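Below: the structure, in structure tokens.
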Amino acid sequence: MGARPTEHAGLGPLQLLIYCTLGLLFAVTAAAWFASRGPWIGLEVSSGPSGAKVLAVVPEGPLAGRLTPGDTLRALEGEGVSISFAAYEPVLNPHALSSFGALNGYLQRQGTIAEALAGQTATLVLVDGRRISFSPYPNRPIGSLPRDFWLLHLFGSLSAIIGLSVWVFKRSQRPAQLLALSGAGFFFATWMHSLWRARELALPEWLFDMLLRFNHVGLHLLLVTLLILLASYPQRIGGNRPTALLIAGGVAVQVNENLQLWDWPLHSFYVPLLLYYPIGIALALLQWRRARANPLDRAVLRWVFLSVMITMGVGMVVYFLPLVVSTQPLVDVTTMVGLAVTMYLGFALGVLRYRLFELEHWWFLAWAWFLGGLAVLL
């Protein structure tokens, strides 16, 4: 007889999943509202050695008809400050910077630009000598938010929903709780990331710093809970000791990052993330040895390891390792986040093929009912 959803008092699994999903949609709506707050100048720019090159001018923006694609911005003046755009990266992912000092310098420059745009008027100085004064708009159209903003929310929401869809049926089981917690960490990290990815030229220094800190809290929550899952499923390894050590290690890394106590060799942000991978390999090997007499557990382990370790390995090779050795990554950060989502899709397919978390085909039928109920509510 196949496993059935665990009975709980209160909300049923599908009801709970719908409410959680509506909560995620509310969070995405809130992010779009925050990202649309100004100041807005209606430009898309790229970095260059002599200044910021204009790629596009939004027709509804305050600089429509005054700038054209191909113009190069040399500096910005406003609110008693002047800041150069020389070698400025407007869409840089600041965690790609290898040291705390480089990060602080970038955030300080961001803050100066945001301060210059905060007044009633500002002036752009072009390399050809022109000076263009304008008034930034207080808000921006939702449609002007970049594609990556929406992709990050799509990836984060999908991961969270897959984790929640397992947890609502197995709320008392530790592996299901860990999968849901990792999905929540994924969503939390991408929510923060979306707000700085949507910036036009800059964000206030304090806001940017806060988003970066919370983003890495979510990222480490995602990775630590996945490692604890590997230590707990299908068999529990070493009692509570691995869990305590992994949590202590993640907390120590976050304390170091937030207090900026010590720069790691090569890269202060990504070297600690890379260290999670060999830990995961070691846990996988231990689980494999324990399951040598259990063919079903080994089949489950193959799928879990394919879902987690290959996805993490690909992310390391195409994004993290190149940055650690000071070269350009093979993909941008949004693509890397999209690759990470395949890990959760792998868990969903594993439910269908190997009954991961003791779920059966009725889990996919429940998904159909859930999507139908959500559509009716929307």
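Residue numbering restarts at 1 for every chain of the structure tokens, chains are lettered A, B, ... in their displayed order, and ligands are numbered from 1 as they appear.
Around A:Met309, within 10 Å and counting only C-alpha atoms, the residues found are A:Tyr277, A:Pro278, A:Gly280, A:Ile281, A:Ala284, A:Trp303, A:Gly315, A:Met343, once anything fewer than 6 positions away on its own chain is removed.
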Within 9 Å of stretch 186-207 of chain A: each stretch 139-173 of chain A residue with its shortest pair, only C-alpha atoms, as a Markdown table:
```
| residue | atom | partner | partner_atom | distance |
| --- | --- | --- | --- | --- |
| A:Leu145 | CA | A:Ala198 | CA | 6.0 |
| A:Pro146 | CA | A:Ala198 | CA | 6.1 |
| A:Arg147 | CA | A:Ala198 | CA | 8.9 |
| A:Asp148 | CA | A:Arg197 | CA | 7.2 |
| A:Phe149 | CA | A:Ser194 | CA | 4.9 |
| A:Trp150 | CA | A:Ser194 | CA | 7.8 |
| A:Leu151 | CA | A:Ser194 | CA | 8.7 |
| A:Leu152 | CA | A:Thr190 | CA | 5.7 |
| A:His153 | CA | A:Thr190 | CA | 6.4 |
| A:Phe155 | CA | A:Thr190 | CA | 7.9 |
| A:Gly156 | CA | A:Phe187 | CA | 4.1 |
| A:Ser157 | CA | A:Phe187 | CA | 5.9 |
| A:Leu158 | CA | A:Phe187 | CA | 8.5 |
| A:Ser159 | CA | A:Phe186 | CA | 6.8 |
| A:Ala160 | CA | A:Phe187 | CA | 6.0 |
```
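As for atom CA of A:Arg289 and atom CA of A:Val317, they are spaced 27.1 Å apart.
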How far is it from atom CA of A:Ser144 to atom CA of A:Thr123, in Å with one decimal? 22.2 Å
Computed interatomic separation between atom CA of A:Asp263 and atom CA of A:Ser99 (Å): 6.2 Å
Run DSSP on the backbone and give me the residues of stretch 64-277 of chain A it puts in strand (DSSP E), as a list of chain:residue names. A:Thr72, A:Leu73, A:Arg74, A:Ala75, A:Leu76, A:Glu77, A:Gly78, A:Val81, A:Ser82, A:Ile83, A:Ser84, A:Ala122, A:Thr123, A:Leu124, A:Val125, A:Leu126, A:Arg131, A:Ile132, A:Ser133, A:Phe134, A:Tyr137, A:Pro138, A:Asn139
File dump, residues just selected, C-alpha atoms, as a short mmCIF file (atom, residue, chain, number, x, y, z; two decimals), in the first residue's frame:
```cif
data_model
loop_
_atom_site.label_atom_id
_atom_site.label_comp_id
_atom_site.auth_asym_id
_atom_site.auth_seq_id
_atom_site.Cartn_x
_atom_site.Cartn_y
_atom_site.Cartn_z
CA THR A 72 29.17 58.40 -23.33
CA LEU A 73 28.59 59.82 -19.85
CA ARG A 74 31.76 61.10 -18.19
CA ALA A 75 30.42 62.27 -14.81
CA LEU A 76 27.34 63.05 -12.75
CA GLU A 77 26.88 66.17 -10.64
CA GLY A 78 24.21 66.91 -8.09
CA VAL A 81 28.82 66.05 -5.24
CA SER A 82 30.50 65.04 -8.48
CA ILE A 83 31.30 61.45 -9.43
CA SER A 84 33.15 60.07 -12.45
CA ALA A 122 21.17 66.61 -11.48
CA THR A 123 23.62 67.18 -14.34
CA LEU A 124 25.20 64.66 -16.68
CA VAL A 125 28.57 65.59 -18.15
CA LEU A 126 29.32 63.91 -21.48
CA ARG A 131 26.18 69.23 -19.86
CA ILE A 132 22.60 68.06 -19.54
CA SER A 133 20.59 69.06 -16.48
CA PHE A 134 17.43 67.11 -15.69
CA TYR A 137 11.40 60.98 -11.87
CA PRO A 138 10.32 59.80 -8.39
CA ASN A 139 9.11 56.40 -9.71
#
```
I need the helix (DSSP H, G or I) residues of stretch 39-228 of chain A per DSSP on the backbone, written as a ChimeraX atom specification. /A:94-96,100-117,142-144,147-167,174-197,205-228
Now that the selection is made, can you save its residues with C-alpha atoms as a CSV table (one decimal), in the first residue's frame?
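Final output, saved to result.csv:
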```
chain,number,residue,atom,x,y,z
A,94,PRO,CA,29.3,43.2,-6.0
A,95,HIS,CA,29.9,39.7,-4.5
A,96,ALA,CA,32.1,39.1,-7.6
A,100,PHE,CA,35.9,43.4,1.6
A,101,GLY,CA,37.9,46.5,0.7
A,102,ALA,CA,36.9,46.3,-3.0
A,103,LEU,CA,33.3,45.7,-2.0
A,104,ASN,CA,33.3,48.7,0.4
A,105,GLY,CA,34.8,50.9,-2.3
A,106,TYR,CA,32.1,49.9,-4.8
A,107,LEU,CA,29.3,50.5,-2.3
A,108,GLN,CA,30.7,53.9,-1.4
A,109,ARG,CA,30.8,54.9,-5.1
A,110,GLN,CA,27.2,53.6,-5.5
A,111,GLY,CA,26.1,55.7,-2.5
A,112,THR,CA,27.7,58.9,-4.0
A,113,ILE,CA,25.8,58.4,-7.3
A,114,ALA,CA,22.6,57.7,-5.5
A,115,GLU,CA,23.1,60.9,-3.4
A,116,ALA,CA,23.7,62.9,-6.6
A,117,LEU,CA,20.4,61.6,-8.0
A,142,ILE,CA,6.9,48.4,-13.8
A,143,GLY,CA,7.5,47.6,-17.4
A,144,SER,CA,10.9,49.2,-17.2
A,147,ARG,CA,14.1,40.9,-17.6
A,148,ASP,CA,16.6,39.5,-15.0
A,149,PHE,CA,14.5,40.9,-12.2
A,150,TRP,CA,11.6,38.7,-13.2
A,151,LEU,CA,13.7,35.7,-14.0
A,152,LEU,CA,15.2,35.8,-10.5
A,153,HIS,CA,11.8,35.8,-9.0
A,154,LEU,CA,10.7,33.0,-11.2
A,155,PHE,CA,13.7,30.8,-10.2
A,156,GLY,CA,13.3,31.6,-6.5
A,157,SER,CA,9.5,31.0,-6.5
A,158,LEU,CA,9.8,27.7,-8.3
A,159,SER,CA,12.4,26.4,-5.9
A,160,ALA,CA,10.4,27.5,-2.9
A,161,ILE,CA,7.2,25.9,-4.2
A,162,ILE,CA,8.8,22.6,-5.0
A,163,GLY,CA,10.3,22.4,-1.5
A,164,LEU,CA,7.0,23.5,0.1
A,165,SER,CA,5.0,21.0,-2.0
A,166,VAL,CA,7.0,18.1,-0.4
A,167,TRP,CA,6.8,19.6,3.1
A,174,ARG,CA,13.1,16.0,8.8
A,175,PRO,CA,14.2,15.6,5.1
A,176,ALA,CA,11.0,17.3,3.9
A,177,GLN,CA,11.6,20.2,6.4
A,178,LEU,CA,15.1,20.6,5.2
A,179,LEU,CA,14.2,20.7,1.6
A,180,ALA,CA,11.5,23.3,2.3
A,181,LEU,CA,14.0,25.4,4.3
A,182,SER,CA,16.6,25.3,1.5
A,183,GLY,CA,13.9,26.4,-1.0
A,184,ALA,CA,13.0,29.2,1.4
A,185,GLY,CA,16.7,30.2,1.5
A,186,PHE,CA,16.8,30.2,-2.3
A,187,PHE,CA,13.8,32.5,-2.5
A,188,PHE,CA,15.1,34.8,0.1
A,189,ALA,CA,18.4,35.1,-1.7
A,190,THR,CA,16.9,35.8,-5.1
A,191,TRP,CA,14.4,38.3,-3.6
A,192,MET,CA,17.3,40.4,-2.3
A,193,HIS,CA,19.3,39.9,-5.4
A,194,SER,CA,16.4,41.1,-7.7
A,195,LEU,CA,16.3,44.5,-6.0
A,196,TRP,CA,20.0,45.4,-6.7
A,197,ARG,CA,19.8,43.8,-10.1
A,205,GLU,CA,25.0,52.6,0.2
A,206,TRP,CA,23.1,51.5,3.3
A,207,LEU,CA,20.4,49.8,1.2
A,208,PHE,CA,22.8,48.0,-1.1
A,209,ASP,CA,24.9,46.8,1.8
A,210,MET,CA,21.8,45.4,3.6
A,211,LEU,CA,20.6,43.6,0.4
A,212,LEU,CA,24.0,42.0,0.0
A,213,ARG,CA,24.2,40.8,3.6
A,214,PHE,CA,20.7,39.3,3.6
A,215,ASN,CA,21.3,37.7,0.2
A,216,HIS,CA,24.3,35.8,1.5
A,217,VAL,CA,22.3,34.8,4.6
A,218,GLY,CA,19.8,33.2,2.3
A,219,LEU,CA,22.5,31.6,0.1
A,220,HIS,CA,24.2,30.0,3.1
A,221,LEU,CA,20.9,28.9,4.5
A,222,LEU,CA,20.2,27.1,1.2
A,223,LEU,CA,23.6,25.4,1.1
A,224,VAL,CA,23.8,24.4,4.8
A,225,THR,CA,20.3,22.9,4.8
A,226,LEU,CA,21.1,20.9,1.6
A,227,LEU,CA,24.3,19.5,3.3
A,228,ILE,CA,22.3,18.6,6.4
```
Go through A:Ile18, A:Ala293, A:Leu11, A:Leu63 and flag the residue nearest A:Ile41, using only C-alpha atoms for the distances.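 The closest residue to A:Ile41 is A:Leu63.
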